[in-house]
Amino acid sequence: MTEMAADVATRMPSGPVHIVGFSLGSLIAQQIALDHLERVRTLTCVSSVCARTEDESVAVATRLQNARRDLPASMETALQRWFPDDDVADWQAQREETRPVLMANDPSSYAHAYAVFATADRELADRLPEITAPTLAMTGESDPGSTPEMSHRIAARIPDTKVVIVPGARHMLPVTHPEVLVGHLDHLLHQPERNQP
């Protein structure tokens, strides 16, 4: 996680930035906010995990094992979890658009990144209170992996955190509910009293 965050930090503009992370990217964003407090103006964690319970840790470890054993099958399972056939929303188009992007991942790189995703929340949890940037923790009410409870765990640790739970949304919130996400980002980024350098 430290190496991933350092790599992203080298690509950031030199001045204070608004940083937005999605899923694994949320953990990277949190690490950056901890390592570069003065460079992060606001922090947004979209579909982020936090302080997984033992059962939640076992579940993600199982998904990691499945990805290492049979990556295409595990990705199909992920697509069904993100865009289920039996959901009230019709997400077939988004599922079909996402499939080739997901399948284009390099298997070894994907497994490495997923291993970080599966464990880094435990490394970060105790340090989150050090983050000083105004924070938005946002997830879908039906996200089985990055649950609403996890967004509340972020808020319990990071001062000045607003939690937004999007009705009807699952994990791929930026794909299925982009307008909702942008609306909340716009609200966070345009509060002058919170965004002074």
# chains A, B, ... in the order shown; residues from 1 in each chain; ligands from 1
$ closest_atom_pairs --of "range 74-132 of chain A" --to "range 166-181 of chain A" --cutoff "10 Å" --atoms "only C-alpha atoms" --output "Markdown table"
| residue | atom | partner | partner_atom | distance |
| --- | --- | --- | --- | --- |
| A:Ala78 | CA | A:His171 | CA | 9.8 |
| A:Leu79 | CA | A:Met172 | CA | 9.6 |
| A:Arg81 | CA | A:His171 | CA | 8.3 |
| A:Trp82 | CA | A:His171 | CA | 5.6 |
| A:Phe83 | CA | A:Arg170 | CA | 7.7 |
| A:Pro84 | CA | A:Arg170 | CA | 9.4 |
| A:Asp87 | CA | A:Gly168 | CA | 9.1 |
| A:Val88 | CA | A:Gly168 | CA | 8.4 |
| A:Ala89 | CA | A:Gly168 | CA | 8.1 |
| A:Trp91 | CA | A:Thr176 | CA | 7.9 |
| A:Gln94 | CA | A:Val175 | CA | 7.3 |
| A:Arg95 | CA | A:Val175 | CA | 9.8 |
| A:Glu97 | CA | A:Val175 | CA | 9.9 |
| A:Thr98 | CA | A:Val175 | CA | 9.0 |
$ residues_around --residues "Leu189 in chain A" --least-positions-apart "6" --cutoff "12 Å" --atoms "only C-alpha atoms" --output "list of chain:residue names"
A:Val17, A:His18, A:Ile19, A:Val20, A:Val40, A:Arg41, A:Thr42, A:Leu43, A:Thr44, A:Ala133, A:Pro134, A:Thr135, A:Leu136, A:Val182, A:Gly183, A:Asn195, A:Gln196
$ write_last_selection --atoms "N, CA and C atoms" --output "PDB file, in the first residue's frame"
ATOM      1  N   VAL A  17      -4.473  19.257  -3.278  1.00  0.00           N
ATOM      2  CA  VAL A  17      -5.361  18.620  -4.246  1.00  0.00           C
ATOM      3  C   VAL A  17      -6.593  18.057  -3.552  1.00  0.00           C
ATOM      4  N   HIS A  18      -7.649  17.900  -4.336  1.00  0.00           N
ATOM      5  CA  HIS A  18      -8.818  17.149  -3.921  1.00  0.00           C
ATOM      6  C   HIS A  18      -8.593  15.731  -4.435  1.00  0.00           C
ATOM      7  N   ILE A  19      -8.520  14.759  -3.552  1.00  0.00           N
ATOM      8  CA  ILE A  19      -8.218  13.398  -3.981  1.00  0.00           C
ATOM      9  C   ILE A  19      -9.439  12.503  -3.796  1.00  0.00           C
ATOM     10  N   VAL A  20      -9.758  11.761  -4.860  1.00  0.00           N
ATOM     11  CA  VAL A  20     -10.913  10.867  -4.870  1.00  0.00           C
ATOM     12  C   VAL A  20     -10.421   9.462  -5.174  1.00  0.00           C
ATOM     13  N   VAL A  40      -3.277  17.359   0.721  1.00  0.00           N
ATOM     14  CA  VAL A  40      -4.639  16.879   0.477  1.00  0.00           C
ATOM     15  C   VAL A  40      -5.645  17.884   1.019  1.00  0.00           C
ATOM     16  N   ARG A  41      -6.363  18.520   0.118  1.00  0.00           N
ATOM     17  CA  ARG A  41      -7.354  19.528   0.492  1.00  0.00           C
ATOM     18  C   ARG A  41      -8.645  18.860   0.958  1.00  0.00           C
ATOM     19  N   THR A  42      -9.139  17.885   0.197  1.00  0.00           N
ATOM     20  CA  THR A  42     -10.281  17.069   0.608  1.00  0.00           C
ATOM     21  C   THR A  42     -10.008  15.627   0.196  1.00  0.00           C
ATOM     22  N   LEU A  43     -10.652  14.705   0.890  1.00  0.00           N
ATOM     23  CA  LEU A  43     -10.517  13.277   0.618  1.00  0.00           C
ATOM     24  C   LEU A  43     -11.903  12.689   0.379  1.00  0.00           C
ATOM     25  N   THR A  44     -12.061  11.956  -0.715  1.00  0.00           N
ATOM     26  CA  THR A  44     -13.329  11.268  -0.988  1.00  0.00           C
ATOM     27  C   THR A  44     -13.060   9.786  -1.159  1.00  0.00           C
ATOM     28  N   ALA A 133      -8.025  16.288   6.494  1.00  0.00           N
ATOM     29  CA  ALA A 133      -8.795  16.849   5.382  1.00  0.00           C
ATOM     30  C   ALA A 133     -10.285  16.555   5.545  1.00  0.00           C
ATOM     31  N   PRO A 134     -11.156  17.498   5.173  1.00  0.00           N
ATOM     32  CA  PRO A 134     -12.583  17.190   5.109  1.00  0.00           C
ATOM     33  C   PRO A 134     -12.796  15.976   4.207  1.00  0.00           C
ATOM     34  N   THR A 135     -13.620  15.050   4.654  1.00  0.00           N
ATOM     35  CA  THR A 135     -13.723  13.755   3.988  1.00  0.00           C
ATOM     36  C   THR A 135     -15.168  13.406   3.676  1.00  0.00           C
ATOM     37  N   LEU A 136     -15.347  12.773   2.521  1.00  0.00           N
ATOM     38  CA  LEU A 136     -16.637  12.210   2.114  1.00  0.00           C
ATOM     39  C   LEU A 136     -16.464  10.710   1.990  1.00  0.00           C
ATOM     40  N   VAL A 182     -21.066  12.785  -8.677  1.00  0.00           N
ATOM     41  CA  VAL A 182     -20.576  14.114  -9.059  1.00  0.00           C
ATOM     42  C   VAL A 182     -21.266  15.201  -8.246  1.00  0.00           C
ATOM     43  N   GLY A 183     -22.553  15.034  -7.988  1.00  0.00           N
ATOM     44  CA  GLY A 183     -23.274  16.021  -7.198  1.00  0.00           C
ATOM     45  C   GLY A 183     -22.697  16.181  -5.800  1.00  0.00           C
ATOM     46  N   ASN A 195     -12.158  24.536   2.254  1.00  0.00           N
ATOM     47  CA  ASN A 195     -11.170  24.221   1.244  1.00  0.00           C
ATOM     48  C   ASN A 195     -10.059  25.262   1.120  1.00  0.00           C
ATOM     49  N   GLN A 196      -9.785  25.979   2.195  1.00  0.00           N
ATOM     50  CA  GLN A 196      -8.682  26.925   2.149  1.00  0.00           C
ATOM     51  C   GLN A 196      -7.367  26.173   2.159  1.00  0.00           C
TER      52      GLN A 196
END
$ residues_around --residues "Ala104 in chain A" --least-positions-apart "4" --cutoff "12 Å" --atoms "only C-alpha atoms" --output "number ranges by chain"
A: 71-72, 75, 98-100, 108-110
$ closest_residue --among "A:Ala120, A:Ala113, A:Ala73, A:Met1" --to "Asp35 in chain A" --atoms "only C-alpha atoms"
A:Met1
$ closest_atom_pairs --of "range 20-129 of chain A" --to "range 137-158 of chain A" --cutoff "7 Å" --atoms "only C-alpha atoms" --output "CSV"
residue,atom,partner,partner_atom,distance
A:Thr44,CA,A:Ala137,CA,6.0
A:Cys45,CA,A:Ala137,CA,4.8
A:Val46,CA,A:Met138,CA,4.9
A:Ser47,CA,A:Thr139,CA,4.5
A:Ser48,CA,A:Ser146,CA,5.3
A:Val49,CA,A:Ser146,CA,4.8
A:Cys50,CA,A:Met150,CA,5.2
A:Leu128,CA,A:Ile158,CA,5.5
A:Pro129,CA,A:Ile158,CA,4.7
$ closest_residue --among "A:His184, A:Arg122, A:His190, A:Arg127" --to "Ser57 in chain A" --atoms "only C-alpha atoms"
A:Arg122
$ closest_residue --among "A:Leu24, A:Leu124, A:Leu37, A:Ile131" --to "Met4 in chain A" --atoms "only C-alpha atoms"
A:Leu24
$ residues_around --residues "range 60-65 of chain A" --least-positions-apart "3" --cutoff "9 Å" --atoms "only C-alpha atoms" --output "PyMOL selection string"
chain A and resi 55-57+68-70+74+111+114-115+117-119+145
$ select_by_dssp --residues "range 102-180 of chain A" --states "strand (DSSP E or B)" --output "PyMOL selection string"
chain A and resi 135-140+161-166
$ select_by_dssp --residues "range 3-191 of chain A" --states "helix (DSSP H, G or I)" --output "PyMOL selection string"
chain A and resi 3-11+24-35+37-39+54-69+71-82+92-103+107-125+128-130+148-157+173-176+178-189
$ atom_distance --atom1 "CA of Ala9 in chain A" --atom2 "CA of Ala51 in chain A"
23.6 Å
